[in-house]
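Asks: Structure in structure tokens, see below.
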Amino acid sequence: MAGMGKSVAEFEELLPVMAENLGGEVLMRELSNGFELLMDKEKGVITVESLKRNAALLGLQDLRHDELVSMVEEGDTDGDGALSEMEFCVLMFRLISGLMEESQLLLEEILQQELKFAAFC
């Protein structure tokens with residue numbers, strides 16, 4: 001998702017916090033609400049077109065078409081060119097776990113730097 005702007009980064013940073021603070025049931029409900037917000041109401045899935053139509057609701061109105069396609073393709077496990085609710089939730093959970101791991105590594109790196117700095121003082 002590189003290059004998709006500050007809004008995506010901000011959203012991704014919020015996912016681990018949401019997961020930790022909301023608990024599983026509430027998080028699933030929020031993801032379901034997000035899916036319904038982005039989906040094509042007639043088809044019942046998130047398509048590139050529905051994502052483009054609703055991107056402004058997420059502050060993503062400046063995304064290029066190829067970036068929207070990439071977002072859908074990343075979560076499209078059955079190859080139908082769209083995201084079902086399950087695919088959307090799986091993608092969001094992958095982002096959550098990946099971001100939590102990255103956060104842990106970053107925290108460890110910062111702590112190591114602080115310890116080295118403290119040893120010199």
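All residue names refer to the structure tokens as shown: chains lettered A, B, ... in order, residues numbered from 1 in each chain, ligands numbered from 1 in order.
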Near range 28-42 of chain A, within 7 Å and counting only C-alpha atoms, which residues show up once chain neighbours fewer than 2 positions away are dropped, as a list in words?
Replies: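 Result of the neighbour search: Gly24, Glu25, Val26, Gly44, Val45, Ile46, Thr47, Ser50, Leu51, Asn54, Glu85, Phe88 and Cys89 of chain A.
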Asks: Considering only C-alpha atoms, return as a PyMOL selection string whatever protein or nucleic-acid residues lie within 9 Å of Ala82 in chain A, sequence-local ones (same chain, fewer than 4 positions apart) excluded.
Replies: chain A and resi 45-48+72-73+75-76+78+87
Asks: Give the answer as one residue: which of A:Lys43, A:Met71, A:Val90, A:Leu27 has the shortest atom-to-atom distance to Ala55 in chain A, using only C-alpha atoms?
Replies: A:Met71
Asks: Measure the distance from CA of Asp80 in chain A to CA of Leu63 in chain A in Å and round it to one decimal.
Replies: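 CA of Leu63 in chain A lies at a distance of 21.8 Å from CA of Asp80 in chain A.
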Asks: Do you have the CA of His65 in chain A-CA of Leu95 in chain A distance handy?
Replies: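 Value for the CA of His65 in chain A-CA of Leu95 in chain A distance: 21.2 Å.
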